[in-house]
$ cat coords-v1.txt   # compact mmCIF, C-alpha atoms
# COMPACT_ATOMS: atom_id res chain seq x y z
CA MET A 11 5.96 -52.99 -27.61
CA ASN A 12 5.63 -54.18 -24.02
CA ASN A 13 6.71 -57.53 -22.72
CA SER A 14 3.30 -59.09 -22.83
CA GLY A 15 3.28 -58.88 -26.58
CA ARG A 16 0.46 -56.38 -26.67
CA ALA A 17 0.35 -52.62 -26.80
CA SER A 18 -2.23 -50.48 -25.07
CA PHE A 19 -2.88 -48.79 -28.40
CA PHE A 20 -2.26 -49.33 -32.09
CA PRO A 21 1.34 -48.04 -32.43
CA GLY A 22 2.08 -45.67 -35.29
CA TRP A 23 4.80 -47.81 -36.85
CA LEU A 24 2.46 -50.80 -36.97
CA PHE A 25 -0.34 -48.70 -38.45
CA LEU A 26 2.02 -47.69 -41.25
CA LEU A 27 2.93 -51.34 -41.88
CA ALA A 28 -0.78 -52.21 -41.95
CA MET A 29 -1.39 -49.55 -44.59
CA LEU A 30 1.58 -50.79 -46.64
CA THR A 31 0.18 -54.33 -46.40
CA ALA A 32 -3.35 -53.23 -47.35
CA LEU A 33 -2.23 -51.28 -50.43
CA SER A 34 -2.14 -54.31 -52.74
CA PRO A 35 -5.47 -55.90 -51.72
CA LEU A 36 -7.06 -52.45 -51.90
CA SER A 37 -5.68 -52.14 -55.44
CA VAL A 38 -7.67 -55.28 -56.27
CA ASP A 39 -10.95 -54.55 -54.48
CA LEU A 40 -11.25 -50.84 -55.26
CA TYR A 41 -11.51 -51.29 -59.03
CA LEU A 42 -13.73 -54.40 -59.11
CA PRO A 43 -16.98 -52.38 -59.49
CA ALA A 44 -15.40 -50.57 -62.45
CA PHE A 45 -15.07 -53.70 -64.65
CA PRO A 46 -18.11 -52.91 -66.86
CA GLU A 47 -17.06 -49.26 -67.29
CA ILE A 48 -13.46 -50.26 -68.10
CA ALA A 49 -14.73 -52.76 -70.67
CA GLN A 50 -16.95 -50.15 -72.31
CA SER A 51 -14.20 -47.53 -72.32
CA LEU A 52 -11.59 -49.86 -73.85
CA ASP A 53 -14.11 -51.55 -76.18
CA VAL A 54 -13.68 -55.07 -74.80
CA GLU A 55 -15.87 -57.59 -72.99
CA SER A 56 -16.18 -57.42 -69.19
CA SER A 57 -14.76 -60.95 -68.99
CA ASP A 58 -11.64 -59.73 -70.82
CA VAL A 59 -10.94 -57.22 -68.04
CA GLN A 60 -10.55 -60.13 -65.61
CA ILE A 61 -7.10 -60.79 -67.11
CA THR A 62 -5.92 -57.62 -65.37
CA LEU A 63 -6.82 -59.23 -62.04
CA ALA A 64 -5.03 -62.49 -62.83
CA ILE A 65 -1.90 -60.65 -63.98
CA PHE A 66 -1.96 -58.59 -60.79
CA LEU A 67 -1.86 -61.75 -58.65
CA LEU A 68 1.04 -63.06 -60.75
CA GLY A 69 2.91 -59.81 -60.24
CA MET A 70 2.33 -60.01 -56.49
CA SER A 71 3.81 -63.50 -56.33
CA LEU A 72 6.90 -62.66 -58.38
CA GLY A 73 7.41 -59.27 -56.76
CA GLN A 74 7.66 -60.74 -53.29
CA LEU A 75 10.55 -62.95 -54.41
CA LEU A 76 12.31 -59.85 -55.70
CA TYR A 77 12.09 -57.74 -52.55
CA GLY A 78 13.11 -60.38 -50.02
CA PRO A 79 16.83 -60.53 -50.88
CA LEU A 80 16.93 -56.79 -51.60
CA SER A 81 15.65 -55.97 -48.12
CA ASP A 82 18.16 -58.36 -46.52
CA ARG A 83 21.03 -56.75 -48.44
CA TYR A 84 20.20 -53.04 -48.49
CA GLY A 85 17.85 -52.69 -45.53
CA ARG A 86 14.09 -52.43 -45.26
CA LYS A 87 13.53 -48.85 -46.47
CA PRO A 88 15.40 -48.68 -49.83
CA PRO A 89 13.31 -51.44 -51.50
CA LEU A 90 10.19 -49.67 -50.22
CA TYR A 91 11.26 -46.47 -51.97
CA PHE A 92 11.66 -48.43 -55.20
CA GLY A 93 8.49 -50.49 -54.82
CA LEU A 94 6.21 -47.58 -53.92
CA THR A 95 7.66 -45.42 -56.70
CA LEU A 96 7.02 -48.24 -59.18
CA PHE A 97 3.48 -48.61 -57.81
CA ILE A 98 2.80 -44.88 -58.24
CA LEU A 99 4.13 -44.75 -61.81
CA ALA A 100 2.26 -47.91 -62.83
CA SER A 101 -0.97 -46.55 -61.31
CA LEU A 102 -0.60 -43.41 -63.42
CA VAL A 103 -0.08 -45.55 -66.54
CA CYS A 104 -3.24 -47.49 -65.63
CA MET A 105 -5.06 -44.18 -65.38
CA LEU A 106 -3.91 -43.14 -68.85
CA ALA A 107 -4.30 -46.54 -70.57
CA ASN A 108 -6.28 -46.50 -73.82
CA ASP A 109 -6.25 -50.24 -74.52
CA LEU A 110 -6.46 -53.46 -72.54
CA ALA A 111 -2.87 -54.52 -73.29
CA THR A 112 -1.46 -51.33 -71.76
CA LEU A 113 -3.72 -51.66 -68.72
CA THR A 114 -2.71 -55.30 -68.24
CA VAL A 115 1.02 -54.59 -68.40
CA ALA A 116 0.63 -51.61 -66.08
CA ARG A 117 -1.29 -53.73 -63.59
CA PHE A 118 1.56 -56.25 -63.57
CA PHE A 119 4.08 -53.54 -62.67
CA GLN A 120 1.64 -52.05 -60.18
CA ALA A 121 1.58 -55.42 -58.42
CA LEU A 122 5.38 -55.70 -58.59
CA GLY A 123 5.60 -52.38 -56.79
CA GLY A 124 2.87 -53.05 -54.25
CA GLY A 125 4.44 -56.38 -53.26
CA ALA A 126 7.22 -54.50 -51.47
CA GLY A 127 4.89 -53.41 -48.68
CA VAL A 128 3.66 -56.95 -48.01
CA VAL A 129 7.14 -58.50 -47.80
CA ILE A 130 8.89 -55.77 -45.88
CA SER A 131 6.08 -55.29 -43.34
CA ARG A 132 6.53 -58.89 -42.19
CA ALA A 133 10.32 -58.47 -42.09
CA VAL A 134 10.11 -55.27 -40.03
CA ILE A 135 7.81 -56.95 -37.51
CA ARG A 136 10.32 -59.80 -37.22
CA ASP A 137 13.11 -57.25 -36.70
CA ARG A 138 11.29 -55.42 -33.92
CA THR A 139 9.45 -58.12 -31.94
CA THR A 140 9.66 -61.45 -30.18
CA THR A 141 7.66 -64.43 -31.48
CA THR A 142 4.67 -63.78 -29.20
CA GLN A 143 4.75 -60.05 -29.91
CA ALA A 144 4.97 -60.84 -33.63
CA ALA A 145 1.82 -62.97 -33.45
CA TRP A 146 0.01 -59.99 -31.88
CA ALA A 147 1.40 -57.62 -34.53
CA PHE A 148 0.41 -59.93 -37.39
CA SER A 149 -3.08 -60.04 -35.90
CA MET A 150 -3.19 -56.26 -36.31
CA LEU A 151 -2.14 -56.62 -39.96
CA MET A 152 -5.02 -59.07 -40.46
CA LEU A 153 -7.33 -56.24 -39.39
CA ALA A 154 -6.20 -54.22 -42.41
CA LEU A 155 -6.39 -57.24 -44.71
CA GLY A 156 -9.91 -57.99 -43.48
CA LEU A 157 -11.14 -54.44 -43.94
CA ALA A 158 -9.92 -54.21 -47.55
CA PRO A 159 -12.47 -56.67 -49.03
CA ILE A 160 -15.25 -55.01 -47.02
CA LEU A 161 -14.48 -51.36 -47.72
CA GLY A 162 -12.79 -51.73 -51.12
CA PRO A 163 -15.81 -52.64 -53.31
CA VAL A 164 -18.10 -50.29 -51.36
CA LEU A 165 -15.66 -47.39 -51.65
CA GLY A 166 -15.06 -48.23 -55.31
CA SER A 167 -18.82 -48.15 -56.00
CA MET A 168 -19.05 -44.74 -54.34
CA LEU A 169 -16.05 -43.29 -56.17
CA LEU A 170 -16.92 -44.66 -59.62
CA PRO A 171 -19.77 -42.20 -60.39
CA LEU A 172 -17.66 -39.31 -59.08
CA VAL A 173 -14.25 -39.88 -60.64
CA GLY A 174 -14.69 -42.75 -63.13
CA TRP A 175 -12.42 -45.76 -63.41
CA ARG A 176 -9.41 -43.62 -64.33
CA GLY A 177 -9.92 -41.56 -61.21
CA ILE A 178 -9.77 -44.72 -59.10
CA PHE A 179 -6.25 -45.41 -60.34
CA ALA A 180 -5.35 -41.75 -59.69
CA ILE A 181 -6.51 -42.22 -56.10
CA LEU A 182 -4.34 -45.35 -55.80
CA ALA A 183 -1.36 -43.33 -57.07
CA GLY A 184 -2.14 -40.70 -54.44
CA ALA A 185 -2.28 -43.37 -51.75
CA GLY A 186 1.16 -44.57 -52.86
CA MET A 187 2.52 -41.02 -52.63
CA LEU A 188 1.10 -40.58 -49.14
CA LEU A 189 2.65 -43.86 -48.02
CA ILE A 190 6.09 -43.10 -49.42
CA LEU A 191 6.10 -39.75 -47.62
CA SER A 192 4.92 -41.33 -44.38
CA MET A 193 7.54 -44.05 -44.68
CA HIS A 194 10.30 -41.51 -45.37
CA PHE A 195 9.54 -39.28 -42.39
CA THR A 196 8.30 -41.74 -39.73
CA MET A 197 9.76 -45.19 -40.38
CA ARG A 198 13.18 -46.08 -39.00
CA GLU A 199 15.50 -48.63 -40.55
CA THR A 200 15.36 -51.91 -38.63
CA LEU A 201 18.18 -53.84 -40.34
CA SER A 202 21.80 -53.05 -39.41
CA ARG A 203 23.96 -52.45 -42.47
CA HIS A 204 26.83 -54.54 -41.16
CA THR A 205 24.62 -57.63 -41.00
CA SER A 206 23.57 -57.40 -44.65
CA GLU A 207 24.67 -60.14 -47.01
CA ARG A 208 26.07 -59.80 -50.52
CA LEU A 209 23.47 -59.79 -53.24
CA GLY A 210 23.79 -61.92 -56.34
CA LEU A 211 21.90 -64.55 -58.28
CA LYS A 212 23.89 -67.42 -56.79
CA GLY A 213 23.58 -66.09 -53.26
CA THR A 214 19.87 -65.40 -53.68
CA LEU A 215 19.12 -68.87 -55.03
CA SER A 216 21.25 -70.41 -52.29
CA ARG A 217 19.35 -68.46 -49.62
CA TYR A 218 16.00 -69.49 -51.06
CA GLY A 219 17.21 -73.10 -51.32
CA ASP A 220 18.25 -73.07 -47.66
CA LEU A 221 14.84 -71.75 -46.67
CA LEU A 222 13.01 -74.40 -48.69
CA CYS A 223 15.11 -77.04 -46.93
CA ASP A 224 14.51 -75.54 -43.48
CA ARG A 225 12.06 -78.06 -42.07
CA GLN A 226 10.77 -75.93 -39.20
CA PHE A 227 10.24 -72.89 -41.43
CA MET A 228 8.51 -74.82 -44.21
CA LEU A 229 6.34 -76.67 -41.70
CA TYR A 230 4.67 -73.46 -40.56
CA VAL A 231 4.66 -71.94 -44.05
CA LEU A 232 2.63 -74.90 -45.35
CA ILE A 233 0.42 -74.97 -42.26
CA GLY A 234 -0.54 -71.36 -42.95
CA SER A 235 -0.59 -71.51 -46.75
CA LEU A 236 -2.94 -74.45 -47.33
CA PRO A 237 -5.92 -72.90 -45.48
CA PHE A 238 -5.01 -69.64 -47.27
CA GLY A 239 -5.67 -71.55 -50.50
CA GLY A 240 -9.05 -72.56 -49.10
CA MET A 241 -9.80 -68.91 -48.44
CA PHE A 242 -9.06 -68.03 -52.08
CA ALA A 243 -11.26 -70.94 -53.14
CA TYR A 244 -14.04 -69.33 -51.10
CA VAL A 245 -13.40 -65.94 -52.73
CA ALA A 246 -13.57 -67.51 -56.21
CA GLY A 247 -16.44 -69.94 -55.57
CA SER A 248 -18.75 -68.12 -53.18
CA PRO A 249 -20.38 -65.86 -55.84
CA TYR A 250 -21.62 -68.94 -57.72
CA VAL A 251 -22.81 -70.72 -54.56
CA ILE A 252 -24.53 -67.69 -53.05
CA ILE A 253 -25.86 -65.91 -56.14
CA GLU A 254 -26.50 -68.76 -58.60
CA LEU A 255 -27.35 -71.72 -56.37
CA HIS A 256 -29.21 -69.86 -53.63
CA ALA A 257 -30.68 -67.03 -55.72
CA VAL A 258 -29.29 -64.15 -53.68
CA PRO A 259 -29.51 -60.90 -55.71
CA ALA A 260 -26.10 -59.81 -56.97
CA GLU A 261 -26.43 -56.37 -55.37
CA GLN A 262 -26.80 -58.04 -51.95
CA PHE A 263 -23.79 -60.33 -52.36
CA GLY A 264 -21.44 -57.73 -50.86
CA TRP A 265 -23.22 -58.01 -47.52
CA PHE A 266 -22.75 -61.79 -47.43
CA PHE A 267 -19.11 -61.39 -48.40
CA GLY A 268 -18.62 -58.63 -45.86
CA VAL A 269 -19.99 -60.68 -42.97
CA ASN A 270 -17.33 -63.35 -43.52
CA ALA A 271 -14.60 -60.75 -43.94
CA PHE A 272 -15.75 -59.33 -40.60
CA GLY A 273 -15.31 -62.84 -39.17
CA MET A 274 -11.66 -62.78 -40.20
CA ILE A 275 -11.23 -59.40 -38.51
CA ALA A 276 -12.92 -60.67 -35.33
CA GLY A 277 -10.71 -63.76 -35.32
CA SER A 278 -7.53 -61.71 -35.67
CA GLN A 279 -8.51 -59.40 -32.81
CA LEU A 280 -9.43 -62.36 -30.60
CA ASN A 281 -6.05 -63.88 -31.38
CA ALA A 282 -4.35 -60.62 -30.36
CA ARG A 283 -5.94 -61.00 -26.92
CA LEU A 284 -5.22 -64.71 -26.53
CA VAL A 285 -1.68 -65.03 -27.89
CA SER A 286 0.10 -63.24 -25.04
CA ARG A 287 -1.59 -65.62 -22.58
CA PHE A 288 -1.28 -68.95 -24.35
CA GLY A 289 1.48 -68.45 -26.94
CA PRO A 290 1.22 -68.91 -30.73
CA ALA A 291 2.24 -72.59 -30.80
CA SER A 292 -0.36 -73.67 -28.23
CA LEU A 293 -3.12 -71.69 -29.92
CA LEU A 294 -2.27 -73.00 -33.37
CA LYS A 295 -2.59 -76.60 -32.20
CA TYR A 296 -6.29 -76.11 -31.45
CA ILE A 297 -7.20 -73.49 -34.05
CA LEU A 298 -6.28 -75.81 -36.93
CA TRP A 299 -9.32 -77.95 -36.14
CA LEU A 300 -11.76 -75.06 -36.77
CA PRO A 301 -11.45 -74.75 -40.58
CA VAL A 302 -11.48 -78.54 -40.90
CA LEU A 303 -14.67 -78.75 -38.83
CA ALA A 304 -16.35 -75.96 -40.81
CA ALA A 305 -15.42 -77.43 -44.19
CA THR A 306 -16.40 -80.95 -43.12
CA ILE A 307 -19.86 -79.84 -42.02
CA GLY A 308 -20.37 -77.94 -45.26
CA PHE A 309 -19.11 -80.79 -47.44
CA VAL A 310 -21.11 -83.54 -45.70
CA ALA A 311 -24.28 -81.43 -45.60
CA THR A 312 -23.93 -80.74 -49.32
CA LEU A 313 -23.44 -84.44 -50.09
CA LEU A 314 -26.59 -85.26 -48.11
CA GLY A 315 -28.60 -82.49 -49.78
CA MET A 316 -29.00 -80.61 -46.49
CA ALA A 317 -26.79 -77.59 -47.24
CA SER A 318 -29.12 -74.64 -46.75
CA LEU A 319 -27.78 -71.13 -47.26
CA PRO A 320 -27.76 -70.33 -43.50
CA LEU A 321 -25.76 -73.50 -42.80
CA LEU A 322 -23.24 -72.78 -45.56
CA MET A 323 -22.89 -69.19 -44.40
CA LEU A 324 -22.18 -70.44 -40.88
CA CYS A 325 -19.48 -72.77 -42.24
CA PHE A 326 -17.93 -69.98 -44.30
CA PHE A 327 -18.02 -67.65 -41.30
CA ILE A 328 -16.25 -70.17 -39.05
CA TYR A 329 -13.64 -70.86 -41.73
CA MET A 330 -12.88 -67.17 -42.29
CA THR A 331 -12.84 -66.46 -38.56
CA SER A 332 -10.34 -69.28 -38.10
CA MET A 333 -8.11 -67.65 -40.74
CA GLY A 334 -7.86 -64.57 -38.53
CA LEU A 335 -6.75 -66.80 -35.67
CA LEU A 336 -4.55 -69.19 -37.63
CA THR A 337 -2.55 -66.98 -40.00
CA PRO A 338 -0.86 -64.62 -37.50
CA ASN A 339 0.40 -67.52 -35.39
CA ALA A 340 1.65 -69.57 -38.35
CA VAL A 341 3.48 -66.54 -39.77
CA ALA A 342 5.03 -65.63 -36.42
CA LEU A 343 6.26 -69.20 -35.82
CA ALA A 344 7.66 -69.47 -39.36
CA MET A 345 9.55 -66.18 -39.01
CA ALA A 346 10.76 -66.82 -35.45
CA SER A 347 14.15 -68.26 -36.38
CA GLN A 348 14.73 -66.23 -39.56
CA GLY A 349 16.05 -62.96 -38.15
CA HIS A 350 19.19 -63.02 -40.31
CA ARG A 351 17.16 -63.49 -43.52
CA ALA A 352 13.72 -62.20 -42.56
CA GLY A 353 13.18 -60.48 -45.91
CA SER A 354 13.88 -63.61 -47.93
CA ALA A 355 11.78 -65.71 -45.55
CA SER A 356 8.89 -63.26 -45.88
CA ALA A 357 9.20 -63.39 -49.67
CA ILE A 358 9.13 -67.21 -49.85
CA MET A 359 6.20 -67.32 -47.47
CA GLY A 360 4.18 -64.77 -49.43
CA SER A 361 4.88 -66.46 -52.77
CA ILE A 362 3.85 -69.88 -51.45
CA GLN A 363 0.68 -68.39 -49.96
CA PHE A 364 -0.27 -66.84 -53.29
CA LEU A 365 0.62 -70.09 -55.07
CA PHE A 366 -1.83 -72.08 -52.94
CA GLY A 367 -4.34 -69.23 -53.23
CA THR A 368 -4.14 -69.42 -57.01
CA LEU A 369 -4.39 -73.22 -56.96
CA GLY A 370 -7.44 -73.06 -54.69
CA ALA A 371 -9.20 -70.61 -57.00
CA ILE A 372 -8.30 -72.65 -60.10
CA ALA A 373 -9.50 -75.89 -58.49
CA VAL A 374 -12.94 -74.40 -57.81
CA SER A 375 -13.12 -73.01 -61.35
CA VAL A 376 -12.11 -76.30 -63.01
CA TRP A 377 -14.25 -78.59 -60.80
CA THR A 378 -17.62 -77.49 -62.15
CA MET A 379 -20.97 -78.93 -61.05
CA PRO A 380 -24.29 -77.39 -59.96
CA SER A 381 -23.51 -77.82 -56.29
CA ALA A 382 -21.42 -76.44 -53.42
CA ILE A 383 -19.43 -79.71 -53.41
CA PRO A 384 -16.45 -78.27 -55.35
CA LEU A 385 -16.10 -75.29 -53.02
CA THR A 386 -16.55 -77.16 -49.73
CA GLY A 387 -14.47 -80.07 -51.05
CA VAL A 388 -11.49 -77.88 -51.95
CA MET A 389 -11.72 -76.06 -48.62
CA LEU A 390 -11.81 -79.38 -46.76
CA PHE A 391 -8.89 -80.82 -48.73
CA LEU A 392 -6.64 -77.82 -48.08
CA ALA A 393 -7.61 -77.30 -44.44
CA GLY A 394 -7.30 -81.03 -43.77
CA GLY A 395 -3.88 -81.06 -45.39
CA SER A 396 -2.74 -78.28 -43.06
CA LEU A 397 -3.93 -80.20 -40.01
CA LEU A 398 -2.20 -83.40 -41.15
CA ILE A 399 1.07 -81.55 -41.77
CA HIS A 400 0.90 -80.08 -38.27
CA GLN A 401 0.18 -83.46 -36.67
CA PHE A 402 2.92 -85.23 -38.63
CA GLY A 403 5.41 -82.43 -38.07
CA HIS A 404 4.72 -82.31 -34.34
CA GLN A 405 5.16 -86.06 -33.99
CA HIS A 406 8.39 -85.92 -36.03
CA ASN A 407 9.77 -83.15 -33.83
CA MET A 408 8.94 -85.14 -30.70
CA LEU A 409 10.79 -88.18 -32.10
CA VAL A 410 13.81 -86.03 -32.95
CA LEU A 411 13.89 -84.64 -29.42
CA GLN A 412 13.59 -88.13 -27.93
CA GLU A 413 16.43 -89.43 -30.10
CA ALA A 414 18.57 -86.45 -29.10
CA ASP A 415 17.88 -87.15 -25.43
CA LEU A 416 18.83 -90.83 -25.86
CA GLU A 417 22.08 -89.90 -27.63
CA GLU A 418 22.93 -87.48 -24.84
CA LEU A 419 22.30 -90.15 -22.21
CA ALA A 420 24.42 -92.65 -24.13
CA GLN A 421 27.31 -90.18 -24.30
CA LYS A 422 27.10 -89.59 -20.55
$ encode --input "coords-v1.txt" --output "structure tokens"
Amino acid sequence: MNNSGRASFFPGWLFLLAMLTALSPLSVDLYLPAFPEIAQSLDVESSDVQITLAIFLLGMSLGQLLYGPLSDRYGRKPPLYFGLTLFILASLVCMLANDLATLTVARFFQALGGGAGVVISRAVIRDRTTTTQAAWAFSMLMLALGLAPILGPVLGSMLLPLVGWRGIFAILAGAGMLLILSMHFTMRETLSRHTSERLGLKGTLSRYGDLLCDRQFMLYVLIGSLPFGGMFAYVAGSPYVIIELHAVPAEQFGWFFGVNAFGMIAGSQLNARLVSRFGPASLLKYILWLPVLAATIGFVATLLGMASLPLLMLCFFIYMTSMGLLTPNAVALAMASQGHRAGSASAIMGSIQFLFGTLGAIAVSVWTMPSAIPLTGVMLFLAGGSLLIHQFGHQHNMLVLQEADLEELAQK
């Protein structure tokens, strides 16, 4: 990458990382249209198939904790070989499953395998780039993450009549095979062997404990993770708000969902252009106000009975666009000082993001009322919490610097 933090083209190594990152979300979105067919084939209710989605998210969270220390000890490529192989085998088991229990267990291991790409992609970017360059690179990854929810359900709907639900899992296995071959022949190792640390339960827990106590790291992890939870609340709650409350036909919901996913893509690409000029820290300071503003307008309008569908869609669009701007900068700043343990840092960050994502989705599901108040309220609470953490953390850091300056003057 050049010194400005941007490349004149999408470099091949970053494209591969984007594909590794997109593998897991694509594994979720591609099979969503197949829920009724899976239920009929396995002789269960469609609602029962949803457990395979929940177990996949659990596997993603746990898997990321597994690959962090492994990638710091053995390098970035060996855990990818293991993770992608596990993903391929689990996808084949999903394809052959004849009951829901087998499919559920296989989905868990599929997520465990797919989590390797998410963790190690962030670590490789940290290995290869400066903080500003990393913010640009993470913006490129957001492009892949934004395209998955747009293309996944559409592609799944097109493939389902042609190959059936079992064929969809065969295609995912094929994608895993293609990625493992591409990784083997084109990806270089970015972690020096002599810098690797010993691996063990005590050392792993100690490393994770140090990261959780690292104030600067956790500051940016929480700043990025709370709005991430609001995004998952939107994913979980928007079907009810759009389809049930505002009577949008279910077959048209994908277009509404896709528009907001496009907003996240647009935000990430705008961030890629701005970050080399202003820097991730300066951008983040202003971007954090956008999701709070969007959620506040939606929440207040709903309370006042003025929340029309166009207004809510505008609020959702602004919130999702801000995620494309916010997330790359928060991730880059969190990873900036973690070069010696980038894999473990990436794992903690990913697990905390999925934790808040799960909590956001659960909050919307539990807080039931015939209104958009639960959705906009959860989004406002999480986005507002992120802004408060940033403001408090910034003020604390300024006080620490002032105290350090006073101590230095006193010593002189």
$ atom_distance --input "coords-v1.txt" --atom1 "atom CA of Met228 of chain A" --atom2 "atom CA of Met359 of chain A"
8.5 Å
$ closest_atom_pairs --input "coords-v1.txt" --of "segment 316-337 of chain A" --to "segment 304-310 of chain A" --cutoff "7 Å" --atoms "only C-alpha atoms" --output "JSON lines"
{"residue": "A:Ala317", "atom": "CA", "partner": "A:Gly308", "partner_atom": "CA", "distance": 6.7}
{"residue": "A:Leu322", "atom": "CA", "partner": "A:Gly308", "partner_atom": "CA", "distance": 5.9}
{"residue": "A:Cys325", "atom": "CA", "partner": "A:Ala304", "partner_atom": "CA", "distance": 4.7}
{"residue": "A:Ile328", "atom": "CA", "partner": "A:Ala304", "partner_atom": "CA", "distance": 6.1}
{"residue": "A:Tyr329", "atom": "CA", "partner": "A:Ala304", "partner_atom": "CA", "distance": 5.8}
$ write_last_selection --input "coords-v1.txt" --atoms "C-alpha atoms" --output "CSV table (one decimal), in the frame of the given file"
chain,number,residue,atom,x,y,z
A,317,ALA,CA,-26.8,-77.6,-47.2
A,322,LEU,CA,-23.2,-72.8,-45.6
A,325,CYS,CA,-19.5,-72.8,-42.2
A,328,ILE,CA,-16.2,-70.2,-39.0
A,329,TYR,CA,-13.6,-70.9,-41.7
$ atom_distance --input "coords-v1.txt" --atom1 "atom CA of Gln60 of chain A" --atom2 "atom CA of Leu170 of chain A"
17.8 Å
$ closest_residue --input "coords-v1.txt" --among "A:Ser396, A:Met274, A:Gly22, A:Ala291" --to "Ala154 of chain A" --atoms "all atoms listed in the file"
A:Met274
$ closest_residue --input "coords-v1.txt" --among "A:Lys87, A:His194, A:Arg176, A:Arg225" --to "Ser131 of chain A" --atoms "all atoms listed in the file"
A:Lys87
$ closest_residue --input "coords-v1.txt" --among "A:Ala243, A:Ile65, A:Ala344, A:Leu313" --to "Leu113 of chain A" --atoms "all atoms listed in the file"
A:Ile65
$ residues_around --input "coords-v1.txt" --residues "Leu42 of chain A" --least-positions-apart "4" --cutoff "9 Å" --atoms "only C-alpha atoms" --output "list in words"
Val38, Leu63, Gly162, Pro163, Gly166 and Ser167 of chain A
$ closest_residue --input "coords-v1.txt" --among "A:Ala183, A:Ala311, A:Leu298, A:Val129" --to "Ile383 of chain A" --atoms "only C-alpha atoms"
A:Ala311
$ atom_distance --input "coords-v1.txt" --atom1 "atom CA of Asp224 of chain A" --atom2 "atom CA of Met241 of chain A"
25.7 Å
$ residues_around --input "coords-v1.txt" --residues "Ser332 of chain A" --least-positions-apart "2" --cutoff "9 Å" --atoms "only C-alpha atoms" --output "PyMOL selection string"
chain A and resi 273-274+277-278+297-301+327-330+334-337
$ closest_residue --input "coords-v1.txt" --among "A:Pro380, A:Pro338, A:Pro79, A:Gly125" --to "Ser361 of chain A" --atoms "all atoms listed in the file"
A:Gly125
$ closest_residue --input "coords-v1.txt" --among "A:Tyr218, A:Phe118, A:Phe97, A:Phe326" --to "Leu390 of chain A" --atoms "all atoms listed in the file"
A:Phe326
$ residues_near_point --input "coords-v1.txt" --point "(17.1, -54.7, -48.2)" --cutoff "10 Å" --atoms "all atoms listed in the file" --output "VMD selection string"
chain A and resid 77 to 90 130 133 199 201 203 206 to 207 209 351 to 354
$ residues_around --input "coords-v1.txt" --residues "segment 373-375 of chain A" --least-positions-apart "3" --cutoff "6 Å" --atoms "only C-alpha atoms" --output "list in words"
Leu369, Gly370, Pro384 and Leu385 of chain A
$ residues_around --input "coords-v1.txt" --residues "Tyr250 of chain A" --least-positions-apart "6" --cutoff "10 Å" --atoms "only C-alpha atoms" --output "number ranges by chain"
A: 256-258, 380-382, 385
$ axis_aligned_box --input "coords-v1.txt" --around "segment 295-300 of chain A" --padding-each-side "4 Å" --output "AutoDock Vina command-line options"
--center_x -7.2 --center_y -75.7 --center_z -34.2 --size_x 17.2 --size_y 12.5 --size_z 13.5
$ build_atoms --input "coords-v1.txt" --residues "segment 75-85 of chain A" --atoms "N, CA and C atoms" --output "mmCIF file, in the frame of the given file"
data_model
loop_
_atom_site.group_PDB
_atom_site.id
_atom_site.type_symbol
_atom_site.label_atom_id
_atom_site.label_comp_id
_atom_site.auth_asym_id
_atom_site.auth_seq_id
_atom_site.Cartn_x
_atom_site.Cartn_y
_atom_site.Cartn_z
ATOM 1 N N LEU A 75 9.243 -62.293 -54.295
ATOM 2 C CA LEU A 75 10.550 -62.950 -54.410
ATOM 3 C C LEU A 75 11.649 -61.950 -54.695
ATOM 4 N N LEU A 76 11.328 -60.867 -55.372
ATOM 5 C CA LEU A 76 12.310 -59.850 -55.700
ATOM 6 C C LEU A 76 12.741 -59.055 -54.475
ATOM 7 N N TYR A 77 11.783 -58.661 -53.642
ATOM 8 C CA TYR A 77 12.090 -57.740 -52.550
ATOM 9 C C TYR A 77 12.713 -58.417 -51.334
ATOM 10 N N GLY A 78 12.530 -59.710 -51.177
ATOM 11 C CA GLY A 78 13.110 -60.380 -50.020
ATOM 12 C C GLY A 78 14.620 -60.218 -49.924
ATOM 13 N N PRO A 79 15.377 -60.678 -50.929
ATOM 14 C CA PRO A 79 16.830 -60.530 -50.880
ATOM 15 C C PRO A 79 17.278 -59.070 -50.871
ATOM 16 N N LEU A 80 16.561 -58.200 -51.586
ATOM 17 C CA LEU A 80 16.930 -56.790 -51.600
ATOM 18 C C LEU A 80 16.848 -56.180 -50.205
ATOM 19 N N SER A 81 15.807 -56.537 -49.464
ATOM 20 C CA SER A 81 15.650 -55.970 -48.120
ATOM 21 C C SER A 81 16.664 -56.539 -47.146
ATOM 22 N N ASP A 82 17.121 -57.779 -47.367
ATOM 23 C CA ASP A 82 18.160 -58.360 -46.520
ATOM 24 C C ASP A 82 19.531 -57.757 -46.823
ATOM 25 N N ARG A 83 19.733 -57.295 -48.046
ATOM 26 C CA ARG A 83 21.030 -56.750 -48.440
ATOM 27 C C ARG A 83 21.132 -55.253 -48.175
ATOM 28 N N TYR A 84 20.113 -54.497 -48.544
ATOM 29 C CA TYR A 84 20.200 -53.040 -48.490
ATOM 30 C C TYR A 84 19.403 -52.421 -47.349
ATOM 31 N N GLY A 85 18.690 -53.227 -46.582
ATOM 32 C CA GLY A 85 17.850 -52.690 -45.530
ATOM 33 C C GLY A 85 16.393 -52.698 -45.948
#
